[in-house]
file protein.tsv (TSV, C-alpha atoms)
chain	number	residue	atom	x	y	z
A	28	MET	CA	-4.95	1.51	-13.31
A	29	ILE	CA	-6.28	0.64	-9.87
A	30	LEU	CA	-7.85	3.43	-7.83
A	31	TYR	CA	-8.95	2.92	-4.26
A	32	TYR	CA	-10.56	4.71	-1.37
A	33	SER	CA	-10.33	3.14	2.07
A	34	GLY	CA	-11.48	4.23	5.51
A	35	THR	CA	-9.90	1.61	7.76
A	36	GLY	CA	-7.81	-0.48	5.37
A	37	ASN	CA	-10.01	-3.20	3.85
A	38	SER	CA	-10.23	-1.68	0.39
A	39	GLU	CA	-6.56	-0.70	0.50
A	40	TYR	CA	-5.62	-4.33	1.08
A	41	VAL	CA	-7.84	-5.61	-1.74
A	42	ALA	CA	-6.58	-2.95	-4.17
A	43	LYS	CA	-2.92	-3.69	-3.49
A	44	ARG	CA	-3.54	-7.43	-3.55
A	45	ILE	CA	-5.16	-7.10	-7.00
A	46	GLY	CA	-2.37	-4.80	-8.17
A	47	ARG	CA	0.33	-7.32	-7.32
A	48	ALA	CA	-1.56	-10.23	-8.85
A	49	VAL	CA	-2.32	-8.54	-12.19
A	50	ASP	CA	1.13	-6.91	-12.33
A	51	ASP	CA	-0.29	-3.40	-12.30
A	52	ASN	CA	2.08	-1.10	-10.41
A	53	THR	CA	-0.24	1.87	-10.74
A	54	VAL	CA	-2.30	1.51	-7.56
A	55	VAL	CA	-3.49	4.96	-6.53
A	56	ASP	CA	-4.86	5.97	-3.13
A	57	LEU	CA	-7.61	8.51	-3.78
A	58	PHE	CA	-7.63	9.90	-0.23
A	59	GLU	CA	-5.84	13.16	-0.99
A	60	ARG	CA	-7.75	13.69	-4.22
A	61	LEU	CA	-11.07	13.24	-2.43
A	62	ARG	CA	-10.01	15.32	0.57
A	63	ASN	CA	-8.84	18.19	-1.62
A	64	ARG	CA	-11.59	17.78	-4.23
A	65	ASP	CA	-8.91	17.29	-6.85
A	66	CYS	CA	-10.73	16.32	-10.03
A	67	LYS	CA	-7.90	16.63	-12.52
A	68	GLU	CA	-8.06	14.23	-15.46
A	69	MET	CA	-6.46	10.81	-15.08
A	70	TYR	CA	-5.22	8.52	-17.86
A	71	SER	CA	-4.75	4.76	-18.09
A	72	GLU	CA	-3.98	2.42	-20.98
A	73	ARG	CA	-5.21	-0.54	-18.94
A	74	ALA	CA	-8.77	-1.11	-17.76
A	75	TRP	CA	-9.75	0.93	-14.72
A	76	VAL	CA	-10.36	-0.90	-11.43
A	77	ILE	CA	-12.13	1.06	-8.68
A	78	VAL	CA	-11.88	-0.50	-5.22
A	79	THR	CA	-14.12	0.99	-2.57
A	80	PRO	CA	-15.99	0.25	0.64
A	81	THR	CA	-19.78	-0.06	0.66
A	82	TYR	CA	-21.73	2.71	2.39
A	83	ALA	CA	-25.46	2.00	2.77
A	84	TRP	CA	-25.45	-0.54	-0.10
A	85	ARG	CA	-23.83	1.84	-2.61
A	86	ILE	CA	-20.40	3.33	-3.21
A	87	PRO	CA	-19.62	6.27	-0.87
A	88	ARG	CA	-21.18	9.51	-2.06
A	89	ILE	CA	-17.85	11.30	-1.73
A	90	LEU	CA	-16.39	8.85	-4.27
A	91	GLU	CA	-19.42	8.95	-6.54
A	92	ALA	CA	-19.24	12.76	-6.68
A	93	TRP	CA	-15.54	12.58	-7.53
A	94	LEU	CA	-16.11	10.05	-10.30
A	95	LYS	CA	-18.84	12.20	-11.83
A	96	LYS	CA	-16.49	15.19	-12.01
A	97	THR	CA	-13.22	13.47	-12.96
A	98	LYS	CA	-12.42	12.53	-16.54
A	99	LEU	CA	-10.92	9.04	-16.80
A	100	SER	CA	-9.32	8.95	-20.23
A	101	GLY	CA	-7.60	6.23	-22.22
A	102	ASN	CA	-9.10	2.78	-21.67
A	103	ARG	CA	-12.92	2.89	-21.52
A	104	LYS	CA	-13.43	-0.33	-19.54
A	105	ILE	CA	-14.05	-0.03	-15.80
A	106	TYR	CA	-14.37	-2.64	-13.07
A	107	PHE	CA	-15.75	-1.98	-9.58
A	108	VAL	CA	-14.72	-3.98	-6.52
A	109	MET	CA	-16.69	-3.26	-3.35
A	110	THR	CA	-15.66	-4.44	0.11
A	111	CYS	CA	-18.54	-4.89	2.51
A	112	GLY	CA	-19.54	-6.35	5.85
A	113	LEU	CA	-22.41	-8.37	4.39
A	114	ASN	CA	-23.41	-7.35	0.86
A	115	ALA	CA	-23.58	-4.38	-1.52
A	116	GLY	CA	-27.26	-4.70	-2.35
A	117	ASN	CA	-28.09	-3.45	-5.84
A	118	ALA	CA	-25.09	-1.11	-6.07
A	119	GLY	CA	-24.30	-2.39	-9.55
A	120	LYS	CA	-27.39	-0.74	-11.04
A	121	TYR	CA	-26.19	2.71	-9.98
A	122	LEU	CA	-22.63	2.02	-11.07
A	123	LYS	CA	-23.85	0.96	-14.50
A	124	ASP	CA	-25.86	4.19	-14.76
A	125	LEU	CA	-22.78	6.19	-13.73
A	126	CYS	CA	-20.67	4.49	-16.41
A	127	MET	CA	-23.30	5.23	-19.06
A	128	ARG	CA	-23.17	8.92	-18.14
A	129	LYS	CA	-19.37	8.85	-18.33
A	130	ARG	CA	-19.48	6.92	-21.62
A	131	MET	CA	-17.42	4.13	-20.14
A	132	GLN	CA	-17.90	0.39	-20.52
A	133	TYR	CA	-19.17	-1.07	-17.25
A	134	PHE	CA	-17.37	-4.38	-16.59
A	135	GLY	CA	-19.33	-5.30	-13.50
A	136	CYS	CA	-19.15	-5.10	-9.73
A	137	MET	CA	-17.55	-7.73	-7.51
A	138	THR	CA	-18.38	-7.69	-3.81
A	139	ILE	CA	-15.89	-9.02	-1.28
A	140	VAL	CA	-16.93	-9.60	2.32
A	141	MET	CA	-14.35	-8.15	4.71
A	142	PRO	CA	-14.35	-7.38	8.45
A	143	GLU	CA	-17.07	-4.98	9.58
A	144	ASN	CA	-15.82	-1.50	10.51
A	145	TYR	CA	-19.14	0.34	10.91
A	146	ILE	CA	-18.87	0.70	14.65
A	147	ALA	CA	-21.64	3.33	14.65
A	148	MET	CA	-24.23	0.61	14.07
A	149	PHE	CA	-22.74	-2.90	14.06
A	150	ARG	CA	-20.41	-5.04	16.15
A	151	THR	CA	-16.79	-4.84	15.04
A	152	PRO	CA	-14.72	-8.04	15.09
A	153	SER	CA	-11.83	-8.96	17.34
A	154	LYS	CA	-8.45	-9.23	15.64
A	155	GLU	CA	-8.72	-13.02	15.45
A	156	GLU	CA	-12.20	-12.82	13.94
A	157	ALA	CA	-10.98	-10.22	11.45
A	158	VAL	CA	-8.07	-12.39	10.31
A	159	ASN	CA	-10.43	-15.34	9.74
A	160	ILE	CA	-12.80	-13.20	7.66
A	161	ILE	CA	-9.92	-11.90	5.53
A	162	GLN	CA	-8.60	-15.40	4.95
A	163	LYS	CA	-12.06	-16.49	3.77
A	164	ALA	CA	-12.14	-13.51	1.39
A	165	GLU	CA	-9.00	-14.64	-0.46
A	166	LYS	CA	-10.92	-17.02	-2.74
A	167	LYS	CA	-13.20	-14.19	-3.91
A	168	ILE	CA	-10.19	-11.92	-4.41
A	169	ASP	CA	-8.54	-14.63	-6.52
A	170	GLU	CA	-11.70	-14.88	-8.64
A	171	THR	CA	-11.64	-11.10	-9.07
A	172	VAL	CA	-8.00	-11.20	-10.15
A	173	SER	CA	-8.64	-14.02	-12.62
A	174	ARG	CA	-11.44	-12.09	-14.33
A	175	ILE	CA	-9.31	-8.97	-14.66
A	176	GLN	CA	-6.34	-10.93	-15.99
A	177	LYS	CA	-8.53	-12.58	-18.62
A	178	LYS	CA	-10.15	-9.21	-19.45
A	179	LEU	CA	-13.55	-10.71	-18.70
A	180	PRO	CA	-16.42	-8.80	-17.08
A	181	PHE	CA	-17.40	-9.76	-13.56
A	182	PRO	CA	-20.35	-12.18	-13.43
A	183	PRO	CA	-23.69	-10.57	-12.50
A	184	GLU	CA	-24.84	-11.22	-8.95
A	185	LYS	CA	-28.35	-12.30	-8.06
A	186	ILE	CA	-30.35	-9.27	-6.93
A	187	THR	CA	-33.27	-9.65	-4.54
A	188	PRO	CA	-36.15	-7.24	-3.85
A	189	ILE	CA	-34.46	-6.42	-0.53
A	190	ASP	CA	-31.26	-5.51	-2.42
A	191	ARG	CA	-33.23	-3.11	-4.62
A	192	LEU	CA	-34.88	-1.58	-1.59
A	193	SER	CA	-31.58	-1.25	0.30
A	194	SER	CA	-29.66	0.48	-2.48
A	195	GLY	CA	-32.65	2.59	-3.50
A	196	PRO	CA	-35.07	4.12	-0.96
A	197	VAL	CA	-33.15	2.96	2.12
A	198	ASN	CA	-29.91	4.54	0.85
A	199	GLN	CA	-31.72	7.80	0.14
A	200	LEU	CA	-33.16	7.89	3.67
A	201	PHE	CA	-30.08	6.54	5.43
A	202	TYR	CA	-27.81	9.50	4.67
A	203	PRO	CA	-30.01	12.32	6.01
A	204	LEU	CA	-31.20	10.28	8.98
A	205	PHE	CA	-27.99	8.61	10.13
A	206	VAL	CA	-24.89	9.94	8.35
A	207	HIS	CA	-23.89	12.83	10.57
A	208	ALA	CA	-21.26	13.50	13.22
A	209	ASN	CA	-23.61	14.52	16.03
A	210	LYS	CA	-22.88	11.45	18.14
A	211	PHE	CA	-19.10	11.56	17.97
A	212	TYR	CA	-17.38	12.80	21.10
A	213	VAL	CA	-13.97	12.60	22.70
A	214	THR	CA	-13.22	11.25	26.16
A	215	GLY	CA	-10.60	12.24	28.70
A	216	GLU	CA	-8.26	9.66	27.14
A	217	CYS	CA	-7.56	12.05	24.24
A	218	ILE	CA	-3.81	12.73	23.81
A	219	ALA	CA	-4.32	15.67	21.41
A	220	CYS	CA	-2.31	13.97	18.64
A	221	GLY	CA	-4.51	15.27	15.82
A	222	LYS	CA	-4.68	11.88	14.10
A	223	CYS	CA	-8.45	12.11	13.70
A	224	GLU	CA	-8.14	15.42	11.87
A	225	GLN	CA	-5.50	13.99	9.54
A	226	VAL	CA	-7.47	10.88	8.52
A	227	CYS	CA	-10.81	12.57	7.82
A	228	PRO	CA	-11.45	12.58	4.03
A	229	MET	CA	-14.04	15.34	4.40
A	230	LYS	CA	-11.88	17.78	6.40
A	231	ASN	CA	-14.75	17.62	8.87
A	232	ILE	CA	-12.61	17.52	12.04
A	233	ARG	CA	-10.76	20.45	13.56
A	234	MET	CA	-8.62	20.51	16.66
A	235	HIS	CA	-9.90	23.08	19.14
A	236	HIS	CA	-7.92	23.69	22.33
A	237	GLY	CA	-6.21	20.34	21.78
A	238	HIS	CA	-9.37	18.29	21.23
A	239	PRO	CA	-11.30	17.35	18.06
A	240	THR	CA	-14.57	18.96	17.07
A	241	TRP	CA	-16.77	17.63	14.27
A	242	GLY	CA	-18.50	19.65	11.57
A	243	ASP	CA	-21.50	18.95	9.37
A	244	HIS	CA	-19.91	17.01	6.49
A	245	CYS	CA	-19.31	13.52	7.89
A	246	THR	CA	-19.39	10.52	5.55
A	247	HIS	CA	-19.26	7.86	8.31
A	248	CYS	CA	-16.03	6.27	7.12
A	249	MET	CA	-15.17	5.51	10.77
A	250	ALA	CA	-11.52	6.44	10.23
A	251	CYS	CA	-11.44	8.89	13.14
A	252	ILE	CA	-12.88	6.54	15.75
A	253	CYS	CA	-11.08	3.42	14.55
A	254	LYS	CA	-7.66	4.99	13.96
A	255	CYS	CA	-7.49	6.95	17.22
A	256	PRO	CA	-4.34	5.60	18.95
A	257	ALA	CA	-5.81	6.21	22.40
A	258	GLU	CA	-9.31	4.88	21.56
A	259	ALA	CA	-10.55	8.19	22.93
A	260	ILE	CA	-13.41	8.69	20.47
A	261	GLU	CA	-16.87	7.24	21.01
A	262	TYR	CA	-20.05	7.22	18.92
A	263	GLY	CA	-22.93	7.61	21.32
A	264	LYS	CA	-23.36	4.58	23.54
A	265	HIS	CA	-23.02	2.00	20.78
A	266	SER	CA	-19.23	2.03	20.39
A	267	LYS	CA	-18.48	1.63	24.09
A	268	GLY	CA	-16.62	-1.60	24.76
A	269	LEU	CA	-16.34	-2.54	21.08
A	270	PRO	CA	-12.93	-3.22	19.51
A	271	ARG	CA	-11.76	-0.58	17.06
A	272	TYR	CA	-11.22	-2.07	13.64
A	273	THR	CA	-8.36	-1.29	11.31
A	274	PHE	CA	-6.91	-3.76	8.86
A	275	PRO	CA	-4.55	-6.05	10.84
A	276	LYS	CA	-1.29	-5.17	9.09
A	277	ASP	CA	0.66	-6.86	11.85
A	278	ARG	CA	-0.92	-10.19	10.89
A	279	ILE	CA	-1.46	-9.81	7.13
A	280	SER	CA	0.91	-7.73	5.05
A	281	ILE	CA	-0.43	-5.26	2.53
call {"tool": "encode", "arguments": {"input": "protein.tsv", "output": "structure tokens"}}
result
Amino acid sequence: MILYYSGTGNSEYVAKRIGRAVDDNTVVDLFERLRNRDCKEMYSERAWVIVTPTYAWRIPRILEAWLKKTKLSGNRKIYFVMTCGLNAGNAGKYLKDLCMRKRMQYFGCMTIVMPENYIAMFRTPSKEEAVNIIQKAEKKIDETVSRIQKKLPFPPEKITPIDRLSSGPVNQLFYPLFVHANKFYVTGECIACGKCEQVCPMKNIRMHHGHPTWGDHCTHCMACICKCPAEAIEYGKHSKGLPRYTFPKDRISI
């Protein structure tokens, strides 16, 4: 069974691409389960494949918390596939530890470079740039598919001291220092559609007098700012003038 969480579409694409290639029709979007904190047991006869974005060189904490609480029964093998803008650091160490606690067999972590969506800190790509990055990612996706089809673990990736630092101390500091909604605000372009409220996995956005307000439980998925149809949401000064990134479904079918 393939489970995925996706903020702006990269991990959704990779999950569905893997599902088609390995002939696994059970591709499950975890959005509603995460949003509603639904931790009911799940069962799969096939190996589990978790597809997720990379947040601060680890899997998102919202997903990690869900995995800790949710019993995955049946097959004990579990693969992780992480989409990222550059790399996933030493995320595999923490995933292996998680699997040990869940008494599951860790079958490795594959990282796939996809278009950057973290508009709060980095430059997001134009649509043409995004398409080129996705096309380059296909070879790594094919390698991922091949390993799963052959029931082989993913090959270990070379880990540097910087990777260890990024996924360890930097991750621990990054969340309290940077992962908050204080800098989000809405401009006069807002059309009061409520899309931002609907796409927030944390239920952290509420419409107030026709405009969004943010609470204290942001996970920095960037869904609200990137999926706003009017591009009426900004993140401080950094997002101004940058293209909003969502997976280019009009150019590459999911």
call {"tool": "axis_aligned_box", "arguments": {"input": "protein.tsv", "around": "region 247-260 of chain A", "padding_each_side": "8 Å", "output": "lines of an AutoDock Vina configuration file"}}
result
center_x = -11.8
center_y = 6.2
center_z = 15.0
size_x = 30.9
size_y = 21.5
size_z = 31.8
call {"tool": "residues_around", "arguments": {"input": "protein.tsv", "residues": "Glu258 (chain A)", "least_positions_apart": "2", "cutoff": "9 Å", "atoms": "only C-alpha atoms", "output": "NGL selection string"}}
result
:A and (214 or 216-217 or 252-256 or 260-261 or 271)
call {"tool": "write_last_selection", "arguments": {"input": "protein.tsv", "atoms": "C-alpha atoms", "output": "JSON list (two decimals), in the coordinates of the input"}}
result
[["chain", "number", "residue", "atom", "x", "y", "z"],
["A", 214, "THR", "CA", -13.22, 11.25, 26.16],
["A", 216, "GLU", "CA", -8.26, 9.66, 27.14],
["A", 217, "CYS", "CA", -7.56, 12.05, 24.24],
["A", 252, "ILE", "CA", -12.88, 6.54, 15.75],
["A", 253, "CYS", "CA", -11.08, 3.42, 14.55],
["A", 254, "LYS", "CA", -7.66, 4.99, 13.96],
["A", 255, "CYS", "CA", -7.49, 6.95, 17.22],
["A", 256, "PRO", "CA", -4.34, 5.60, 18.95],
["A", 260, "ILE", "CA", -13.41, 8.69, 20.47],
["A", 261, "GLU", "CA", -16.87, 7.24, 21.01],
["A", 271, "ARG", "CA", -11.76, -0.58, 17.06]]
call {"tool": "closest_residue", "arguments": {"input": "protein.tsv", "among": "A:Gly112, A:Thr240, A:Val197, A:Arg44", "to": "Pro152 (chain A)", "atoms": "all atoms listed in the file"}}
result
A:Gly112
call {"tool": "closest_atom_pairs", "arguments": {"input": "protein.tsv", "of": "region 109-180 of chain A", "to": "region 82-90 of chain A", "cutoff": "10 Å", "atoms": "all atoms listed in the file", "output": "tab-separated table"}}
result
residue	atom	partner	partner_atom	distance
A:Met109	CA	A:Ile86	CA	7.6
A:Thr110	CA	A:Tyr82	CA	9.7
A:Cys111	CA	A:Tyr82	CA	8.2
A:Gly112	CA	A:Tyr82	CA	9.9
A:Leu113	CA	A:Trp84	CA	9.5
A:Asn114	CA	A:Trp84	CA	7.2
A:Ala115	CA	A:Trp84	CA	4.5
A:Gly116	CA	A:Trp84	CA	5.1
A:Asn117	CA	A:Trp84	CA	7.0
A:Ala118	CA	A:Arg85	CA	4.7
A:Gly119	CA	A:Arg85	CA	8.1
A:Lys120	CA	A:Arg85	CA	9.5
A:Tyr121	CA	A:Arg85	CA	7.8
A:Leu122	CA	A:Ile86	CA	8.3
A:Tyr145	CA	A:Tyr82	CA	9.2
call {"tool": "write_last_selection", "arguments": {"input": "protein.tsv", "atoms": "C-alpha atoms", "output": "mmCIF file, keeping the file's coordinate frame"}}
result
data_model
loop_
_atom_site.group_PDB
_atom_site.id
_atom_site.type_symbol
_atom_site.label_atom_id
_atom_site.label_comp_id
_atom_site.auth_asym_id
_atom_site.auth_seq_id
_atom_site.Cartn_x
_atom_site.Cartn_y
_atom_site.Cartn_z
ATOM 1 C CA MET A 109 -16.690 -3.260 -3.350
ATOM 2 C CA THR A 110 -15.660 -4.440 0.110
ATOM 3 C CA CYS A 111 -18.540 -4.890 2.510
ATOM 4 C CA GLY A 112 -19.540 -6.350 5.850
ATOM 5 C CA LEU A 113 -22.410 -8.370 4.390
ATOM 6 C CA ASN A 114 -23.410 -7.350 0.860
ATOM 7 C CA ALA A 115 -23.580 -4.380 -1.520
ATOM 8 C CA GLY A 116 -27.260 -4.700 -2.350
ATOM 9 C CA ASN A 117 -28.090 -3.450 -5.840
ATOM 10 C CA ALA A 118 -25.090 -1.110 -6.070
ATOM 11 C CA GLY A 119 -24.300 -2.390 -9.550
ATOM 12 C CA LYS A 120 -27.390 -0.740 -11.040
ATOM 13 C CA TYR A 121 -26.190 2.710 -9.980
ATOM 14 C CA LEU A 122 -22.630 2.020 -11.070
ATOM 15 C CA TYR A 145 -19.140 0.340 10.910
#
call {"tool": "residues_near_point", "arguments": {"input": "protein.tsv", "point": "(-1.9, 2.5, -2.6)", "cutoff": "7 Å", "atoms": "all atoms listed in the file", "output": "VMD selection string"}}
result
chain A and resid 39 43 54 to 56
call {"tool": "closest_atom_pairs", "arguments": {"input": "protein.tsv", "of": "region 32-111 of chain A", "to": "region 167-172 of chain A", "cutoff": "9 Å", "atoms": "only C-alpha atoms", "output": "CSV"}}
result
residue,atom,partner,partner_atom,distance
A:Val41,CA,A:Ile168,CA,7.2
A:Arg44,CA,A:Ile168,CA,8.1
A:Ile45,CA,A:Val172,CA,5.9
A:Gly46,CA,A:Val172,CA,8.8
A:Ala48,CA,A:Val172,CA,6.6
A:Val49,CA,A:Val172,CA,6.6
A:Val108,CA,A:Thr171,CA,8.2
call {"tool": "write_last_selection", "arguments": {"input": "protein.tsv", "atoms": "C-alpha atoms", "output": "short mmCIF file (atom, residue, chain, number, x, y, z; two decimals), in the coordinates of the input"}}
result
data_model
loop_
_atom_site.label_atom_id
_atom_site.label_comp_id
_atom_site.auth_asym_id
_atom_site.auth_seq_id
_atom_site.Cartn_x
_atom_site.Cartn_y
_atom_site.Cartn_z
CA VAL A 41 -7.84 -5.61 -1.74
CA ARG A 44 -3.54 -7.43 -3.55
CA ILE A 45 -5.16 -7.10 -7.00
CA GLY A 46 -2.37 -4.80 -8.17
CA ALA A 48 -1.56 -10.23 -8.85
CA VAL A 49 -2.32 -8.54 -12.19
CA VAL A 108 -14.72 -3.98 -6.52
#
call {"tool": "residues_around", "arguments": {"input": "protein.tsv", "residues": "Glu68 (chain A)", "least_positions_apart": "2", "cutoff": "7 Å", "atoms": "only C-alpha atoms", "output": "VMD selection string"}}
result
chain A and resid 66 70 97 to 99
call {"tool": "closest_residue", "arguments": {"input": "protein.tsv", "among": "A:Leu179, A:Cys248, A:Val158, A:Leu269", "to": "Cys223 (chain A)", "atoms": "all atoms listed in the file"}}
result
A:Cys248
call {"tool": "residues_around", "arguments": {"input": "protein.tsv", "residues": "Ala74 (chain A)", "least_positions_apart": "2", "cutoff": "8 Å", "atoms": "all atoms listed in the file", "output": "VMD selection string"}}
result
chain A and resid 28 71 to 72 76 102 to 106
call {"tool": "write_last_selection", "arguments": {"input": "protein.tsv", "atoms": "C-alpha atoms", "output": "PDB file, in the frame of the given file"}}
result
ATOM      1  CA  MET A  28      -4.950   1.510 -13.310  1.00  0.00           C
ATOM      2  CA  SER A  71      -4.750   4.760 -18.090  1.00  0.00           C
ATOM      3  CA  GLU A  72      -3.980   2.420 -20.980  1.00  0.00           C
ATOM      4  CA  VAL A  76     -10.360  -0.900 -11.430  1.00  0.00           C
ATOM      5  CA  ASN A 102      -9.100   2.780 -21.670  1.00  0.00           C
ATOM      6  CA  ARG A 103     -12.920   2.890 -21.520  1.00  0.00           C
ATOM      7  CA  LYS A 104     -13.430  -0.330 -19.540  1.00  0.00           C
ATOM      8  CA  ILE A 105     -14.050  -0.030 -15.800  1.00  0.00           C
ATOM      9  CA  TYR A 106     -14.370  -2.640 -13.070  1.00  0.00           C
TER      10      TYR A 106
END
call {"tool": "atom_distance", "arguments": {"input": "protein.tsv", "atom1": "CA of Tyr262 (chain A)", "atom2": "CA of Phe149 (chain A)"}}
result
11.5 Å
call {"tool": "closest_residue", "arguments": {"input": "protein.tsv", "among": "A:Ile146, A:Ala157, A:Met137, A:Leu94", "to": "Pro275 (chain A)", "atoms": "only C-alpha atoms"}}
result
A:Ala157
call {"tool": "atom_distance", "arguments": {"input": "protein.tsv", "atom1": "CA of Asn198 (chain A)", "atom2": "CA of Thr246 (chain A)"}}
result
13.0 Å
call {"tool": "closest_residue", "arguments": {"input": "protein.tsv", "among": "A:Cys136, A:Ile281, A:Cys126, A:Ile29", "to": "Pro182 (chain A)", "atoms": "all atoms listed in the file"}}
result
A:Cys136
call {"tool": "atom_distance", "arguments": {"input": "protein.tsv", "atom1": "CA of His207 (chain A)", "atom2": "CA of His247 (chain A)"}}
result
7.2 Å
call {"tool": "closest_residue", "arguments": {"input": "protein.tsv", "among": "A:Ile77, A:Ile189, A:Ala92, A:Asp51", "to": "Phe134 (chain A)", "atoms": "only C-alpha atoms"}}
result
A:Ile77
call {"tool": "closest_residue", "arguments": {"input": "protein.tsv", "among": "A:Lys210, A:Ile218, A:Ser100, A:Thr35", "to": "Met141 (chain A)", "atoms": "only C-alpha atoms"}}
result
A:Thr35
call {"tool": "residues_around", "arguments": {"input": "protein.tsv", "residues": "Phe58 (chain A)", "least_positions_apart": "5", "cutoff": "9 Å", "atoms": "only C-alpha atoms", "output": "ChimeraX atom specification"}}
result
/A:31-34,63,226,228
call {"tool": "write_last_selection", "arguments": {"input": "protein.tsv", "atoms": "C-alpha atoms", "output": "PDB file, in the frame of the given file"}}
result
ATOM      1  CA  TYR A  31      -8.950   2.920  -4.260  1.00  0.00           C
ATOM      2  CA  TYR A  32     -10.560   4.710  -1.370  1.00  0.00           C
ATOM      3  CA  SER A  33     -10.330   3.140   2.070  1.00  0.00           C
ATOM      4  CA  GLY A  34     -11.480   4.230   5.510  1.00  0.00           C
ATOM      5  CA  ASN A  63      -8.840  18.190  -1.620  1.00  0.00           C
ATOM      6  CA  VAL A 226      -7.470  10.880   8.520  1.00  0.00           C
ATOM      7  CA  PRO A 228     -11.450  12.580   4.030  1.00  0.00           C
TER       8      PRO A 228
END
call {"tool": "residues_around", "arguments": {"input": "protein.tsv", "residues": "Lys230 (chain A)", "least_positions_apart": "6", "cutoff": "9 Å", "atoms": "all atoms listed in the file", "output": "ChimeraX atom specification"}}
result
/A:62-63,224,242,244-245
